[in-house]
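This is input.txt (compact mmCIF, C-alpha atoms (C1' of nucleotides)).
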# COMPACT_ATOMS: atom_id res chain seq x y z
CA MET A 981 7.43 4.29 10.33
CA ALA A 982 6.64 4.17 6.66
CA ARG A 983 4.03 2.03 5.04
CA ALA A 984 4.91 -1.64 4.83
CA ALA A 985 6.68 -2.65 1.63
CA THR A 986 4.56 -3.97 -1.18
CA THR A 987 6.60 -7.15 -0.99
CA THR A 988 5.78 -7.68 2.67
CA ASP A 989 2.81 -9.94 2.04
CA VAL A 990 0.03 -10.76 -0.38
CA PHE A 991 -2.29 -8.10 1.01
CA ASN A 992 0.18 -5.34 0.21
CA ALA A 993 1.07 -6.83 -3.17
CA ILE A 994 -2.50 -6.99 -4.47
CA ALA A 995 -3.36 -3.48 -3.34
CA GLU A 996 -1.99 -2.14 -6.62
CA PRO A 997 -4.66 -2.39 -9.38
CA ARG A 998 -2.13 -3.01 -12.12
CA ARG A 999 -0.85 -6.03 -10.29
CA ARG A 1000 -4.37 -7.40 -10.09
CA GLU A 1001 -4.67 -6.85 -13.84
CA ILE A 1002 -1.48 -8.81 -14.39
CA ILE A 1003 -2.81 -11.60 -12.20
CA ALA A 1004 -5.96 -11.65 -14.34
CA VAL A 1005 -3.86 -12.06 -17.48
CA LEU A 1006 -2.18 -15.09 -15.94
CA VAL A 1007 -5.42 -16.66 -14.73
CA ASP A 1008 -5.41 -19.41 -17.37
CA GLY A 1009 -2.61 -21.09 -15.45
CA ARG A 1010 -0.27 -21.29 -18.43
CA GLU A 1011 3.12 -19.68 -18.85
CA HIS A 1012 3.21 -16.18 -20.26
CA ALA A 1013 6.19 -14.16 -21.44
CA VAL A 1014 6.61 -10.62 -20.18
CA GLY A 1015 5.98 -9.35 -23.70
CA GLU A 1016 2.57 -10.99 -23.77
CA VAL A 1017 1.54 -9.17 -20.62
CA VAL A 1018 2.95 -5.95 -22.04
CA SER A 1019 0.96 -6.18 -25.26
CA THR A 1020 -2.18 -7.40 -23.52
CA LEU A 1021 -2.27 -4.59 -20.97
CA ARG A 1022 -0.50 -2.00 -23.17
CA LEU A 1023 1.81 -0.96 -20.37
CA PRO A 1024 5.49 -0.05 -20.63
CA GLN A 1025 7.73 -3.07 -20.33
CA PRO A 1026 9.68 -1.82 -17.30
CA THR A 1027 6.42 -1.20 -15.49
CA VAL A 1028 5.30 -4.77 -16.10
CA SER A 1029 8.68 -6.19 -15.13
CA LYS A 1030 8.65 -4.28 -11.86
CA HIS A 1031 5.14 -5.38 -10.97
CA LEU A 1032 5.97 -8.98 -11.85
CA SER A 1033 8.99 -8.70 -9.59
CA VAL A 1034 6.78 -7.71 -6.66
CA LEU A 1035 4.37 -10.56 -7.37
CA ARG A 1036 7.28 -12.98 -7.58
CA LYS A 1037 8.73 -11.84 -4.28
CA VAL A 1038 5.51 -12.65 -2.45
CA GLY A 1039 5.11 -15.92 -4.36
CA ILE A 1040 2.01 -15.08 -6.37
CA VAL A 1041 3.88 -15.86 -9.58
CA THR A 1042 6.80 -18.08 -10.49
CA VAL A 1043 9.34 -17.56 -13.26
CA SER A 1044 11.26 -19.85 -15.57
CA LYS A 1045 13.67 -19.02 -18.36
CA ARG A 1046 12.86 -20.11 -21.88
CA GLY A 1047 15.62 -18.83 -24.14
CA GLN A 1048 15.58 -15.11 -23.86
CA LEU A 1049 12.02 -15.17 -22.59
CA ARG A 1050 11.00 -15.15 -18.95
CA MET A 1051 7.89 -17.21 -18.57
CA TYR A 1052 5.64 -16.21 -15.67
CA ARG A 1053 3.01 -18.49 -14.24
CA LEU A 1054 0.37 -17.79 -11.66
CA ASN A 1055 0.74 -19.51 -8.29
CA PRO A 1056 -2.82 -18.94 -7.12
CA LYS A 1057 -2.65 -20.76 -3.80
CA GLU A 1058 -0.73 -17.77 -2.47
CA LEU A 1059 -4.01 -15.86 -2.69
CA LYS A 1060 -5.66 -18.21 -0.21
CA PRO A 1061 -4.79 -16.07 2.85
CA VAL A 1062 -6.80 -13.23 1.35
CA HIS A 1063 -9.70 -15.55 0.67
CA ASP A 1064 -9.55 -17.02 4.15
CA TRP A 1065 -9.52 -13.58 5.72
CA VAL A 1066 -12.40 -12.13 3.75
CA LYS A 1067 -14.43 -15.33 4.03
CA THR A 1068 -14.96 -14.46 7.69
CA TYR A 1069 -17.13 -11.56 6.60
CA GLU A 1070 -18.90 -13.30 3.75
CA ARG A 1071 -21.98 -14.14 5.80
CA PHE A 1072 -22.78 -10.47 6.22
CA TRP A 1073 -23.75 -9.99 2.60
CA THR A 1074 -24.74 -13.59 1.94
CA HIS A 1075 -27.50 -13.36 4.53
CA GLN A 1076 -28.45 -9.96 3.23
CA ILE A 1077 -31.07 -11.55 0.96
CA ASP A 1078 -32.47 -13.44 3.92
CA LYS A 1079 -32.71 -10.20 5.83
CA VAL A 1080 -34.64 -8.62 2.98
CA LYS A 1081 -36.95 -11.62 2.94
CA GLU A 1082 -37.26 -11.36 6.71
CA ARG A 1083 -38.28 -7.70 6.55
CA ALA A 1084 -40.77 -8.48 3.79
CA GLU A 1085 -42.28 -11.22 5.94
CA GLN A 1086 -42.47 -8.91 8.91
CA LYS A 1087 -44.34 -6.34 6.86
CA MET A 1088 -46.67 -9.05 5.60
CA MET A 1089 -47.32 -10.15 9.19
CA GLN A 1090 -47.98 -6.59 10.28
CA ARG A 1091 -50.48 -6.16 7.46
CA ILE A 1092 -52.27 -9.35 8.47
CA VAL A 1093 -52.31 -8.18 12.07
CA ARG A 1094 -53.80 -4.85 11.06
CA GLU A 1095 -56.45 -6.57 8.96
CA ASN A 1096 -57.36 -8.86 11.81
CA GLN A 1097 -57.60 -5.91 14.16
CA SER A 1098 -59.96 -4.21 11.70
CA THR A 1099 -62.02 -7.37 11.48
CA GLU A 1100 -62.15 -7.62 15.24
CA ARG A 1101 -63.33 -4.08 15.45
CA GLU A 1102 -66.05 -4.80 12.94
CA GLU A 1103 -67.33 -7.74 14.88
CA MET B 853 4.02 8.50 -9.05
CA ALA B 854 3.81 7.46 -5.46
CA ARG B 855 1.87 4.53 -4.14
CA ALA B 856 -1.89 4.99 -4.12
CA ALA B 857 -3.28 6.40 -0.90
CA THR B 858 -4.51 3.97 1.70
CA THR B 859 -7.89 5.67 1.40
CA THR B 860 -8.09 5.04 -2.34
CA ASP B 861 -10.04 1.81 -2.07
CA VAL B 862 -10.69 -1.19 0.14
CA PHE B 863 -7.70 -3.12 -1.19
CA ASN B 864 -5.30 -0.42 -0.05
CA ALA B 865 -7.09 0.07 3.25
CA ILE B 866 -6.92 -3.57 4.33
CA ALA B 867 -3.26 -3.96 3.40
CA GLU B 868 -2.31 -2.70 6.84
CA PRO B 869 -2.41 -5.53 9.41
CA ARG B 870 -3.48 -3.26 12.26
CA ARG B 871 -6.51 -2.20 10.29
CA ARG B 872 -7.47 -5.84 9.79
CA GLU B 873 -7.13 -6.31 13.53
CA ILE B 874 -9.46 -3.40 14.13
CA ILE B 875 -11.94 -4.88 11.69
CA ALA B 876 -11.76 -8.14 13.63
CA VAL B 877 -12.60 -6.32 16.85
CA LEU B 878 -15.71 -4.89 15.20
CA VAL B 879 -16.81 -8.19 13.69
CA ASP B 880 -19.70 -8.65 16.13
CA GLY B 881 -21.57 -5.93 14.26
CA ARG B 882 -22.21 -3.84 17.34
CA GLU B 883 -21.04 -0.32 18.06
CA HIS B 884 -17.66 0.08 19.71
CA ALA B 885 -16.10 3.18 21.19
CA VAL B 886 -12.54 4.05 20.22
CA GLY B 887 -11.43 3.35 23.77
CA GLU B 888 -12.68 -0.21 23.55
CA VAL B 889 -10.56 -0.84 20.48
CA VAL B 890 -7.62 0.83 22.19
CA SER B 891 -7.83 -1.36 25.28
CA THR B 892 -8.56 -4.51 23.29
CA LEU B 893 -5.60 -4.13 20.94
CA ARG B 894 -3.39 -2.24 23.41
CA LEU B 895 -2.42 0.34 20.83
CA PRO B 896 -1.93 4.08 21.35
CA GLN B 897 -5.18 5.99 20.99
CA PRO B 898 -3.97 8.24 18.15
CA THR B 899 -2.89 5.17 16.20
CA VAL B 900 -6.34 3.65 16.51
CA SER B 901 -8.07 6.91 15.63
CA LYS B 902 -5.94 7.30 12.51
CA HIS B 903 -6.61 3.77 11.34
CA LEU B 904 -10.31 4.14 12.01
CA SER B 905 -10.24 7.32 9.96
CA VAL B 906 -8.82 5.41 7.00
CA LEU B 907 -11.42 2.68 7.37
CA ARG B 908 -14.17 5.27 7.58
CA LYS B 909 -12.99 7.05 4.45
CA VAL B 910 -13.32 3.90 2.38
CA GLY B 911 -16.64 3.01 4.02
CA ILE B 912 -15.57 -0.10 5.91
CA VAL B 913 -16.76 1.45 9.16
CA THR B 914 -19.35 4.05 10.07
CA VAL B 915 -19.30 6.46 13.00
CA SER B 916 -21.93 7.96 15.23
CA LYS B 917 -21.58 10.27 18.22
CA ARG B 918 -22.78 9.12 21.60
CA GLY B 919 -21.97 11.84 24.09
CA GLN B 920 -18.25 12.25 24.05
CA LEU B 921 -17.82 8.79 22.58
CA ARG B 922 -17.47 8.02 18.91
CA MET B 923 -19.13 4.71 18.20
CA TYR B 924 -17.69 2.78 15.29
CA ARG B 925 -19.57 0.01 13.56
CA LEU B 926 -18.39 -2.37 10.89
CA ASN B 927 -19.94 -1.98 7.44
CA PRO B 928 -18.91 -5.36 6.10
CA LYS B 929 -20.52 -5.18 2.68
CA GLU B 930 -17.69 -2.86 1.68
CA LEU B 931 -15.44 -5.92 1.84
CA LYS B 932 -17.42 -7.66 -0.88
CA PRO B 933 -15.22 -6.35 -3.73
CA VAL B 934 -12.27 -8.13 -2.15
CA HIS B 935 -14.28 -11.30 -1.81
CA ASP B 936 -15.55 -11.09 -5.37
CA TRP B 937 -12.05 -10.57 -6.69
CA VAL B 938 -10.38 -13.40 -4.81
CA LYS B 939 -13.32 -15.75 -5.42
CA THR B 940 -12.20 -15.93 -9.05
CA TYR B 941 -9.13 -17.83 -7.89
CA GLU B 942 -10.84 -19.98 -5.29
CA ARG B 943 -11.18 -23.01 -7.57
CA PHE B 944 -7.42 -23.33 -7.79
CA TRP B 945 -7.02 -24.52 -4.22
CA THR B 946 -10.52 -25.95 -3.83
CA HIS B 947 -9.82 -28.45 -6.62
CA GLN B 948 -6.31 -29.03 -5.35
CA ILE B 949 -7.24 -32.47 -4.04
CA ASP B 950 -8.71 -33.39 -7.40
CA LYS B 951 -5.51 -32.24 -9.08
CA VAL B 952 -3.43 -34.45 -6.81
CA LYS B 953 -5.64 -37.37 -7.75
CA GLU B 954 -5.34 -36.40 -11.39
CA ARG B 955 -1.55 -36.34 -11.25
CA ALA B 956 -1.50 -39.69 -9.51
CA GLU B 957 -3.66 -41.13 -12.26
CA GLN B 958 -1.40 -39.65 -14.93
CA LYS B 959 1.64 -41.24 -13.34
CA MET B 960 -0.17 -44.54 -13.17
CA MET B 961 -1.05 -44.27 -16.86
CA GLN B 962 2.52 -43.38 -17.77
CA ARG B 963 3.78 -46.41 -15.88
CA ILE B 964 1.37 -48.63 -17.75
CA VAL B 965 2.47 -47.09 -21.05
CA ARG B 966 6.13 -47.70 -20.20
CA GLU B 967 5.40 -51.31 -19.28
CA ASN B 968 3.56 -51.86 -22.56
CA GLN B 969 6.47 -50.33 -24.48
CA SER B 970 8.87 -52.70 -22.76
CA THR B 971 6.61 -55.60 -23.61
CA GLU B 972 6.45 -54.49 -27.22
CA ARG B 973 10.22 -54.32 -27.44
CA GLU B 974 10.50 -57.78 -26.00
CA GLU B 975 8.16 -59.20 -28.59
C1' DT C 72 31.32 -10.64 -34.12
C1' DT C 73 27.80 -7.67 -34.60
C1' DG C 74 23.28 -6.46 -34.20
C1' DA C 75 18.60 -7.20 -32.78
C1' DC C 76 15.54 -8.69 -29.31
C1' DG C 77 13.41 -9.54 -24.64
C1' DT C 78 13.84 -8.38 -20.12
C1' DA C 79 15.72 -6.47 -15.80
C1' DT C 80 17.75 -2.80 -13.40
C1' DT C 81 19.20 1.84 -12.18
C1' DC C 82 18.33 6.65 -11.42
C1' DC C 83 15.09 10.14 -10.74
C1' DT C 84 11.03 12.66 -8.57
C1' DA C 85 6.68 13.45 -6.28
C1' DT C 86 3.96 11.64 -2.90
C1' DA C 87 2.29 9.22 0.93
C1' DT C 88 2.52 6.96 4.58
C1' DA C 89 2.79 4.82 10.07
C1' DG C 90 4.07 5.83 14.33
C1' DG C 91 5.49 8.92 18.24
C1' DG C 92 4.61 13.04 20.74
C1' DA C 93 2.17 17.00 21.66
C1' DT C 94 -1.85 19.41 21.40
C1' DA C 95 -6.54 20.76 19.95
C1' DT C 96 -11.45 19.74 20.24
C1' DT C 97 -15.66 18.42 22.24
C1' DA C 98 -18.51 16.75 26.00
C1' DT C 99 -19.19 15.79 30.87
C1' DT C 100 -18.90 16.55 35.69
C1' DT C 101 -18.11 19.14 39.82
C1' DA D 574 -15.67 28.09 35.33
C1' DA D 575 -12.48 24.61 35.89
C1' DA D 576 -11.11 20.01 35.79
C1' DT D 577 -11.63 15.65 33.56
C1' DA D 578 -12.40 12.48 29.93
C1' DA D 579 -12.62 10.72 25.06
C1' DT D 580 -11.19 11.49 20.70
C1' DA D 581 -9.16 13.84 16.68
C1' DT D 582 -5.60 16.38 14.63
C1' DC D 583 -1.05 18.40 13.89
C1' DC D 584 3.91 18.08 13.40
C1' DC D 585 7.78 15.32 12.69
C1' DT D 586 10.84 11.66 10.54
C1' DA D 587 12.24 7.60 8.08
C1' DT D 588 10.93 4.93 4.42
C1' DA D 589 8.94 3.29 0.36
C1' DT D 590 6.90 3.53 -3.37
C1' DA D 591 5.06 3.95 -9.03
C1' DG D 592 6.15 5.66 -13.11
C1' DG D 593 9.31 7.64 -16.72
C1' DA D 594 13.70 7.51 -18.97
C1' DA D 595 17.85 5.50 -19.87
C1' DT D 596 20.62 1.71 -19.76
C1' DA D 597 22.54 -2.82 -18.64
C1' DC D 598 22.13 -7.69 -19.34
C1' DG D 599 21.48 -12.16 -21.54
C1' DT D 600 20.19 -14.64 -25.73
C1' DC D 601 19.52 -15.48 -30.47
C1' DA D 602 20.41 -14.77 -35.45
C1' DA D 603 23.07 -13.50 -39.55

As structure tokens - that is how I would like this structure written.
Amino acid sequence: MARAATTTDVFNAIAEPRRREIIAVLVDGREHAVGEVVSTLRLPQPTVSKHLSVLRKVGIVTVSKRGQLRMYRLNPKELKPVHDWVKTYERFWTHQIDKVKERAEQKMMQRIVRENQSTEREE
Amino acid sequence: MARAATTTDVFNAIAEPRRREIIAVLVDGREHAVGEVVSTLRLPQPTVSKHLSVLRKVGIVTVSKRGQLRMYRLNPKELKPVHDWVKTYERFWTHQIDKVKERAEQKMMQRIVRENQSTEREE
DNA sequence: TTGACGTATTCCTATATAGGGATATTATTT
DNA sequence: AAATAATATCCCTATATAGGAATACGTCAA
């Protein structure tokens, strides 16, 4: 079997860096014409249109016609599944600082223990 | 150009649902043999080995030999880039409730405005 | 109507899967 | 050494890109 289509779900859609760049351009929540994205990212227009098509198919963006313009708007709640998934693993690096602290405290304790042992020996 | 390799970065690696399942099996942070993953997910052994290979190449898992076993361990901090990226868009659904309230208030205001306009016309 | 503009679509090619099946590799046991 | 066990790798096929180039499509303006 081949790799799942990019339009299968959000995870596949956002794997492409250019699509994440396009999402970043739309982050202000307002409508943007294709041409705006093209000039902002300096990519060929067909490239942008194709990527926007993928994002639209998975629901990350919505389109509306304004004259001859196609206005794209970010639909950020479609990114929530990704957030929910990765949130499960957040604690691993969030508690990293605590672990560093913990190790520092352990070393401190060991030093104190050594000093006490020395003192005991001296007595 | 073809699609970027699954081993290009974490975003491409986690696009495959089976790989996310494997990550979930390893979430306890302990070492797991390939056979454990195979029996847990009931997937063919070569399939699991191939997916683990992809995860290893992008650093999401680490391997160590224990006799004839290969022990895989999750390296969750490699998922942080995904978390950091999607965190940018978190506010959009976190403040969703506030937005609903906001829209309700706007409608209320508009109703009041309309009522005042009617009153003005009547005067 | 004709032309210009903004955008989508089609055609092309090189590349990379994911899974199935078979087999190679490495370690262990008898 | 031979058999067994755990895992990785190889070969195969169907499928799906992403990007470039050309073109079709829909809308606006003169």

*asked:* Could you list, as a list in words, every residue within 12 Å of B:Glu873, counting all atoms listed in the file and ignoring same-chain residues fewer than 4 positions away?
replied: Trp1065 of chain A; Ile866, Ala867, Glu868, Pro869, Val877, Leu878, Val879, Val889, Val890, Thr892, Leu893, Arg894, Leu895, Val900, His903, Leu904 and Leu907 of chain B

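From atom CA of B:Val934 back to atom CA of A:Phe991, the distance works out to 10.5 Å.
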
*What gap, in Å, lies between atom CA of A:Leu1049 and atom C1' of D:DC601?*
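About the pair atom CA of A:Leu1049 and atom C1' of D:DC601: they are 10.9 Å apart.
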
*Using only C-alpha atoms (C1' of nucleotides), which residues sit within 9 Å of D:DT588 once same-chain residues fewer than 3 positions away are excluded, as a list of chain:residue names?*
A:Met981, A:Ala982, A:Arg983, A:Ala984, C:DT88

Take the residues that were just selected and, keeping C-alpha atoms (C1' of nucleotides), output them as a tab-separated table (two decimals), in the coordinates of the input.
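New file result34.tsv:
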chain	number	residue	atom	x	y	z
A	981	MET	CA	7.43	4.29	10.33
A	982	ALA	CA	6.64	4.17	6.66
A	983	ARG	CA	4.03	2.03	5.04
A	984	ALA	CA	4.91	-1.64	4.83
C	88	DT	C1'	2.52	6.96	4.58

*When the cut-off is 12 Å and we count only C-alpha atoms, which residues of chain B are near chain A, given as a VMD selection string?*
chain B and resid 853 to 873 875 to 876 878 to 881 899 912 926 to 948

_Report, in Å with one decimal, the straight-line distance from atom CA of A:Gln1048 to atom C1' of C:DG77._
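Interatomic distance, atom CA of A:Gln1048 to atom C1' of C:DG77: 6.0 Å.
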
Using all atoms listed in the file, find each residue in chain D having at least one atom no more than 7 Å away from chain B; report its shortest atom-to-atom pair and that distance in Å (one decimal), rows by chain then rising number, as a tab-separated table.
residue	atom	partner	partner_atom	distance
D:DA579	C1'	B:Gln920	CA	5.9
D:DT590	C1'	B:Arg855	CA	5.2
D:DA591	C1'	B:Met853	CA	4.7
D:DG592	C1'	B:Met853	CA	5.4

Kindly assemble as a Markdown table a list of the chain C residues that lie within 10 Å of chain B, each paired with its nearest atom pair and their distance in Å to one decimal, using only C-alpha atoms (C1' of nucleotides), sorted first by chain and then by ascending residue number.
| residue | atom | partner | partner_atom | distance |
| --- | --- | --- | --- | --- |
| C:DT84 | C1' | B:Met853 | CA | 8.2 |
| C:DA85 | C1' | B:Met853 | CA | 6.3 |
| C:DT86 | C1' | B:Ala854 | CA | 4.9 |
| C:DA87 | C1' | B:Ala857 | CA | 6.5 |
| C:DT88 | C1' | B:Ala857 | CA | 8.0 |
| C:DA89 | C1' | B:Thr899 | CA | 8.4 |
| C:DG90 | C1' | B:Thr899 | CA | 7.2 |
| C:DG91 | C1' | B:Pro896 | CA | 9.4 |
| C:DT97 | C1' | B:Gln920 | CA | 6.9 |
| C:DA98 | C1' | B:Gln920 | CA | 4.9 |
| C:DT99 | C1' | B:Gln920 | CA | 7.7 |

Where's the centre, and what are the edge lengths in Å to one decimal, of a box along x, y and z enclosing all listed atoms of stretch 89-96 of chain C padded 4 Å per side, as AutoDock Vina command-line options?
--center_x -3.0 --center_y 12.8 --center_z 15.9 --size_x 24.9 --size_y 23.9 --size_z 19.6
